[in-house]
>>> print(open('start01.pdb').read())   # PDB, C-alpha atoms
ATOM      1  CA  GLY A   1      23.133  32.053 -17.794
ATOM      2  CA  ASN A   2      21.195  35.199 -18.720
ATOM      3  CA  HIS A   3      23.320  35.602 -21.866
ATOM      4  CA  VAL A   4      22.258  32.151 -23.052
ATOM      5  CA  ILE A   5      18.610  32.964 -22.380
ATOM      6  CA  GLN A   6      18.945  36.284 -24.227
ATOM      7  CA  LYS A   7      20.534  34.519 -27.222
ATOM      8  CA  CYS A   8      17.703  31.966 -27.245
ATOM      9  CA  ILE A   9      15.167  34.796 -27.369
ATOM     10  CA  GLU A  10      17.111  36.586 -30.115
ATOM     11  CA  GLN A  11      17.792  33.515 -32.283
ATOM     12  CA  MET A  12      14.851  31.160 -31.791
ATOM     13  CA  PRO A  13      11.420  31.709 -33.351
ATOM     14  CA  PRO A  14       9.127  33.520 -30.875
ATOM     15  CA  ASP A  15       6.825  30.473 -30.639
ATOM     16  CA  SER A  16       9.783  28.402 -29.411
ATOM     17  CA  VAL A  17      10.547  30.561 -26.365
ATOM     18  CA  THR A  18       7.232  29.992 -24.595
ATOM     19  CA  PHE A  19       9.090  28.159 -21.807
ATOM     20  CA  ILE A  20      11.148  31.307 -21.139
ATOM     21  CA  ILE A  21       8.071  33.540 -21.223
ATOM     22  CA  GLU A  22       6.308  31.276 -18.708
ATOM     23  CA  ALA A  23       9.311  31.272 -16.367
ATOM     24  CA  VAL A  24       9.583  35.065 -16.497
ATOM     25  CA  GLU A  25       5.809  35.486 -16.128
ATOM     26  CA  ALA A  26       5.857  33.597 -12.833
ATOM     27  CA  GLU A  27       8.239  36.189 -11.373
ATOM     28  CA  ALA A  28       7.591  39.141 -13.700
ATOM     29  CA  GLN A  29       7.892  41.931 -11.143
ATOM     30  CA  ARG A  30      11.031  40.493  -9.572
ATOM     31  CA  MET A  31      12.633  39.757 -12.954
ATOM     32  CA  ALA A  32      11.920  43.291 -14.207
ATOM     33  CA  SER A  33      13.878  44.792 -11.313
ATOM     34  CA  HIS A  34      16.724  42.259 -11.315
ATOM     35  CA  MET A  35      20.169  43.096 -12.710
ATOM     36  CA  TYR A  36      20.051  40.241 -15.224
ATOM     37  CA  GLY A  37      16.325  39.524 -15.318
ATOM     38  CA  CYS A  38      15.618  43.010 -16.692
ATOM     39  CA  ARG A  39      17.732  42.174 -19.740
ATOM     40  CA  VAL A  40      15.738  39.009 -20.415
ATOM     41  CA  VAL A  41      12.475  40.976 -20.146
ATOM     42  CA  GLN A  42      13.869  43.582 -22.562
ATOM     43  CA  ARG A  43      14.776  40.904 -25.131
ATOM     44  CA  LEU A  44      11.274  39.418 -24.829
ATOM     45  CA  LEU A  45       9.779  42.862 -25.509
ATOM     46  CA  GLU A  46      12.009  43.227 -28.580
ATOM     47  CA  HIS A  47      11.458  39.788 -30.115
ATOM     48  CA  CYS A  48       8.048  38.462 -29.075
ATOM     49  CA  ALA A  49       4.531  39.473 -30.048
ATOM     50  CA  SER A  50       2.602  41.362 -27.386
ATOM     51  CA  HIS A  51      -0.101  38.664 -27.281
ATOM     52  CA  GLN A  52       2.585  36.196 -26.139
ATOM     53  CA  LEU A  53       3.632  38.547 -23.336
ATOM     54  CA  GLU A  54       0.191  39.700 -22.194
ATOM     55  CA  ASN A  55       0.323  38.107 -18.713
ATOM     56  CA  MET A  56       3.866  39.333 -18.102
ATOM     57  CA  LEU A  57       3.037  42.847 -19.291
ATOM     58  CA  ASN A  58      -0.093  43.020 -17.143
ATOM     59  CA  LYS A  59       1.881  42.011 -14.039
ATOM     60  CA  ILE A  60       4.574  44.583 -14.774
ATOM     61  CA  LEU A  61       1.998  47.332 -15.357
ATOM     62  CA  THR A  62       0.773  46.975 -11.757
ATOM     63  CA  VAL A  63       4.154  48.164 -10.450
ATOM     64  CA  ILE A  64       5.220  50.738 -13.050
ATOM     65  CA  ASP A  65       5.599  53.390 -10.337
ATOM     66  CA  LYS A  66       8.115  51.207  -8.466
ATOM     67  CA  LEU A  67       9.938  49.991 -11.566
ATOM     68  CA  ALA A  68      10.344  53.503 -12.980
ATOM     69  CA  THR A  69      12.470  54.476  -9.963
ATOM     70  CA  ASP A  70      14.367  51.173  -9.838
ATOM     71  CA  ASN A  71      17.991  50.927 -11.019
ATOM     72  CA  TYR A  72      17.094  48.079 -13.409
ATOM     73  CA  GLY A  73      13.320  48.273 -13.673
ATOM     74  CA  ASN A  74      13.477  51.688 -15.342
ATOM     75  CA  TYR A  75      15.029  50.015 -18.404
ATOM     76  CA  VAL A  76      12.067  47.643 -18.648
ATOM     77  CA  VAL A  77       9.621  50.561 -18.436
ATOM     78  CA  GLN A  78      11.555  52.402 -21.169
ATOM     79  CA  HIS A  79      11.449  49.263 -23.314
ATOM     80  CA  MET A  80       7.701  48.956 -22.760
ATOM     81  CA  LEU A  81       7.342  52.537 -23.980
ATOM     82  CA  GLU A  82       9.396  51.713 -27.041
ATOM     83  CA  HIS A  83       8.168  48.196 -27.894
ATOM     84  CA  GLY A  84       4.923  47.792 -25.958
ATOM     85  CA  ARG A  85       1.260  47.863 -26.814
ATOM     86  CA  ILE A  86      -0.349  51.263 -27.249
ATOM     87  CA  GLU A  87      -2.613  50.694 -24.234
ATOM     88  CA  ASP A  88       0.474  49.969 -22.102
ATOM     89  CA  LYS A  89       2.073  53.201 -23.271
ATOM     90  CA  LYS A  90      -1.052  55.125 -22.280
ATOM     91  CA  ILE A  91      -1.049  53.537 -18.814
ATOM     92  CA  ILE A  92       2.658  54.274 -18.316
ATOM     93  CA  ILE A  93       2.290  57.896 -19.432
ATOM     94  CA  GLY A  94      -0.643  58.225 -16.996
ATOM     95  CA  VAL A  95       1.532  56.957 -14.120
ATOM     96  CA  ILE A  96       4.264  59.395 -15.148
ATOM     97  CA  GLU A  97       1.798  62.282 -15.271
ATOM     98  CA  ARG A  98       0.542  61.522 -11.743
ATOM     99  CA  ASN A  99       4.143  61.400 -10.428
ATOM    100  CA  ILE A 100       5.769  63.915 -12.763
ATOM    101  CA  VAL A 101       7.739  66.009 -10.266
ATOM    102  CA  GLU A 102       8.992  63.023  -8.250
ATOM    103  CA  PHE A 103       9.877  61.016 -11.373
ATOM    104  CA  SER A 104      11.621  63.967 -13.033
ATOM    105  CA  LYS A 105      13.824  64.570  -9.992
ATOM    106  CA  HIS A 106      14.872  60.921  -9.681
ATOM    107  CA  LYS A 107      18.000  59.597 -11.401
ATOM    108  CA  CYS A 108      16.323  56.493 -12.899
ATOM    109  CA  SER A 109      12.756  57.590 -13.510
ATOM    110  CA  SER A 110      13.857  60.859 -15.151
ATOM    111  CA  ASN A 111      15.060  58.654 -18.023
ATOM    112  CA  VAL A 112      11.599  57.078 -18.175
ATOM    113  CA  VAL A 113      10.012  60.557 -18.379
ATOM    114  CA  GLU A 114      12.383  61.530 -21.214
ATOM    115  CA  LYS A 115      11.556  58.327 -23.095
ATOM    116  CA  ALA A 116       7.811  58.918 -22.638
ATOM    117  CA  LEU A 117       8.071  62.432 -24.077
ATOM    118  CA  GLU A 118      10.059  61.128 -27.031
ATOM    119  CA  ILE A 119       7.763  58.158 -27.742
ATOM    120  CA  ALA A 120       4.596  60.252 -27.426
ATOM    121  CA  THR A 121       5.993  62.902 -29.794
ATOM    122  CA  VAL A 122       7.931  61.013 -32.464
ATOM    123  CA  GLY A 123       7.419  57.319 -31.671
ATOM    124  CA  GLU A 124       5.572  54.687 -33.663
ATOM    125  CA  HIS A 125       2.241  55.424 -31.903
ATOM    126  CA  ALA A 126       2.737  59.195 -31.499
ATOM    127  CA  ALA A 127      -0.504  60.072 -33.312
ATOM    128  CA  GLN A 128      -2.547  57.806 -31.007
ATOM    129  CA  LEU A 129      -0.722  59.185 -27.938
ATOM    130  CA  GLU A 130      -1.326  62.856 -28.737
ATOM    131  CA  ASN A 131      -3.888  63.350 -25.933
ATOM    132  CA  GLU A 132      -1.570  61.735 -23.371
ATOM    133  CA  ARG A 133       1.413  63.768 -24.601
ATOM    134  CA  SER A 134      -0.538  67.015 -24.459
ATOM    135  CA  SER A 135      -1.924  66.238 -21.001
ATOM    136  CA  LEU A 136       1.573  65.412 -19.720
ATOM    137  CA  MET A 137       3.010  68.636 -21.141
ATOM    138  CA  PHE A 138       0.278  70.805 -19.618
ATOM    139  CA  ARG A 139       0.640  69.003 -16.271
ATOM    140  CA  VAL A 140       4.309  70.018 -16.185
ATOM    141  CA  ILE A 141       3.750  73.556 -17.453
ATOM    142  CA  GLY A 142       1.157  74.064 -14.726
ATOM    143  CA  ASP A 143      -1.309  76.829 -14.153
ATOM    144  CA  PRO A 144      -0.065  80.347 -15.020
ATOM    145  CA  GLN A 145      -1.212  81.513 -11.542
ATOM    146  CA  ASP A 146       0.705  78.775  -9.688
ATOM    147  CA  PRO A 147       3.693  80.391  -7.908
ATOM    148  CA  ASN A 148       5.575  77.054  -7.881
ATOM    149  CA  PRO A 149       4.493  75.019 -10.934
ATOM    150  CA  PRO A 150       5.997  71.588 -11.613
ATOM    151  CA  LEU A 151       8.076  73.182 -14.376
ATOM    152  CA  ARG A 152       9.895  75.455 -11.912
ATOM    153  CA  GLN A 153      10.540  72.610  -9.481
ATOM    154  CA  MET A 154      11.994  70.560 -12.328
ATOM    155  CA  MET A 155      14.123  73.417 -13.724
ATOM    156  CA  GLU A 156      15.967  73.712 -10.441
ATOM    157  CA  ASP A 157      16.763  70.009 -10.181
ATOM    158  CA  ARG A 158      19.849  68.255 -11.570
ATOM    159  CA  PHE A 159      17.743  65.547 -13.293
ATOM    160  CA  GLY A 160      14.551  67.522 -13.833
ATOM    161  CA  ASN A 161      16.285  70.164 -15.939
ATOM    162  CA  PHE A 162      16.930  67.512 -18.602
ATOM    163  CA  ILE A 163      13.178  66.873 -18.772
ATOM    164  CA  VAL A 164      12.578  70.592 -19.264
ATOM    165  CA  GLN A 165      15.072  70.543 -22.144
ATOM    166  CA  ARG A 166      13.200  67.604 -23.750
ATOM    167  CA  MET A 167       9.931  69.490 -23.284
ATOM    168  CA  ILE A 168      11.329  72.520 -25.117
ATOM    169  CA  GLU A 169      12.424  70.161 -27.882
ATOM    170  CA  HIS A 170       9.027  68.399 -28.153
ATOM    171  CA  ALA A 171       6.582  71.254 -27.421
ATOM    172  CA  ARG A 172       4.171  72.347 -30.135
ATOM    173  CA  GLY A 173       1.446  74.871 -30.803
ATOM    174  CA  PRO A 174      -0.259  76.504 -27.806
ATOM    175  CA  GLU A 175       1.740  74.434 -25.301
ATOM    176  CA  ARG A 176       4.975  75.795 -26.770
ATOM    177  CA  GLU A 177       3.773  79.346 -26.061
ATOM    178  CA  ARG A 178       2.622  78.456 -22.517
ATOM    179  CA  LEU A 179       5.942  76.739 -21.885
ATOM    180  CA  ARG A 180       7.817  79.839 -23.083
ATOM    181  CA  GLN A 181       5.696  82.065 -20.813
ATOM    182  CA  GLN A 182       6.244  79.857 -17.763
ATOM    183  CA  LEU A 183       9.983  79.676 -18.431
ATOM    184  CA  GLN A 184      10.181  83.462 -18.658
ATOM    185  CA  ALA A 185       8.087  83.900 -15.516
ATOM    186  CA  SER A 186      10.426  81.561 -13.656
ATOM    187  CA  GLN A 187      13.502  83.676 -14.311
TER     188      GLN A 187
END
>>> encode(input="start01.pdb", output="C-alpha cells")
Amino acid sequence: GNHVIQKCIEQMPPDSVTFIIEAVEAEAQRMASHMYGCRVVQRLLEHCASHQLENMLNKILTVIDKLATDNYGNYVVQHMLEHGRIEDKKIIIGVIERNIVEFSKHKCSSNVVEKALEIATVGEHAAQLENERSSLMFRVIGDPQDPNPPLRQMMEDRFGNFIVQRMIEHARGPERERLRQQLQASQ
C-alpha cells in the first residue's frame, strides 16, 4: 500500500494529494517513525510545497530529538534538513547542538548530525545557516581548557569519529585552526 501512496505523491500534482497530507498529518509523529510511513513523509517533503505540509512539519518538529535516534525517523529528519524550510533547519540544528555528543555516538542520529553539517556548509540555505553551522562546530570543538571536550568524546566513538571527519572536511577559518589545535591536544 505504501508504494501506491508514494507513487501518487510522485505522479499527481501536489494540490491533488491533500487527502494524503491530511491522513499523515493526523498521525505525523507515528508515521515519521514507522517503517513504511517514513517513506511517505519523505516523498511529501520531496514533492509538496512547505505551506502544504506546515501542520505536519510542526508536529514532527516537536519530537526531533526522538526521531533523530529512531531507526526510521532519522531518515525523515535528514529529509527535513535537505528539503525543509529554513526555519525548520535552524530548529533541527539547534536540537542537534544541544544533544551533540549523544547524537554523534548513536548509530541513527550520527547520520542526522552528518547531514546537518553538510546542509549547513554546502546546502541550498548554507549562507542563511552560517551562524548555526558555526555555533555547532564550536560546540563540538569545545573550550581549549576543557580536559574532555565533546570532540574528544566523539573521536573515540565508532560513530562519532565519522562526525569528526565531516567536521574536518567542512571546517573553515578560525574554527579550522581551533579544530586542528584540539585534535592535536587530544593525541
>>> closest_residue(input="start01.pdb", among="A:Gly94, A:Gly84, A:Pro14, A:Gly1", to="Ser135 of chain A", atoms="only C-alpha atoms")
A:Gly94
>>> resolve_selection(input="start01.pdb", expression="the PyMOL selection byres ((chain A and resi 33-38) around 7)", output="PyMOL selection string")
chain A and resi 2+29-32+39-42+67+70+72-73+76
>>> atom_distance(input="start01.pdb", atom1="atom CA of Ala171 of chain A", atom2="atom CA of Pro147 of chain A")
21.7 Å
>>> residues_around(input="start01.pdb", residues="Gln182 of chain A", least_positions_apart="4", cutoff="7 Å", atoms="only C-alpha atoms", output="list in words")
Ile141, Pro144, Arg178 and Ser186 of chain A
>>> residues_around(input="start01.pdb", residues="His51 of chain A", least_positions_apart="2", cutoff="12 Å", atoms="all atoms listed in the file", output="list in words")
Pro14, Asp15, Thr18, Ile21, Leu44, Leu45, His47, Cys48, Ala49, Leu53, Glu54, Asn55, Met56, Leu57, Asn58, Gly84 and Arg85 of chain A
>>> residues_around(input="start01.pdb", residues="Val101 of chain A", least_positions_apart="4", cutoff="12 Å", atoms="all atoms listed in the file", output="MDAnalysis selection string")
chainID A and resid 95:97 105:106 109:110 113 136 139:142 148:157 159:161 163:164
>>> resolve_selection(input="start01.pdb", expression="the PyMOL selection byres ((chain A and resi 167) around 9)", output="PyMOL selection string")
chain A and resi 114+117+137+162-166+168-171+176+179
>>> closest_residue(input="start01.pdb", among="A:Ile5, A:Met12, A:Cys108, A:Leu183", to="Asn74 of chain A", atoms="all atoms listed in the file")
A:Cys108
>>> atom_distance(input="start01.pdb", atom1="atom CA of Val112 of chain A", atom2="atom CA of Gln11 of chain A")
28.2 Å
>>> residues_around(input="start01.pdb", residues="segment 122-127 of chain A", least_positions_apart="5", cutoff="10 Å", atoms="all atoms listed in the file", output="VMD selection string")
chain A and resid 81 to 83 85 to 86 89 115 to 117 132 to 133 170
>>> closest_residue(input="start01.pdb", among="A:Asp65, A:Glu118, A:Glu10, A:Glu175", to="Ile92 of chain A", atoms="all atoms listed in the file")
A:Asp65
>>> atom_distance(input="start01.pdb", atom1="atom CA of Phe19 of chain A", atom2="atom CA of Val4 of chain A")
13.8 Å
>>> closest_residue(input="start01.pdb", among="A:Ile20, A:Cys8, A:Ala185, A:Ala28", to="Ile64 of chain A", atoms="only C-alpha atoms")
A:Ala28
>>> axis_aligned_box(input="start01.pdb", around="segment 63-70 of chain A", padding_each_side="3 Å", output="AutoDock Vina command-line options")
--center_x 9.3 --center_y 51.3 --center_z -10.8 --size_x 16.2 --size_y 12.3 --size_z 10.6
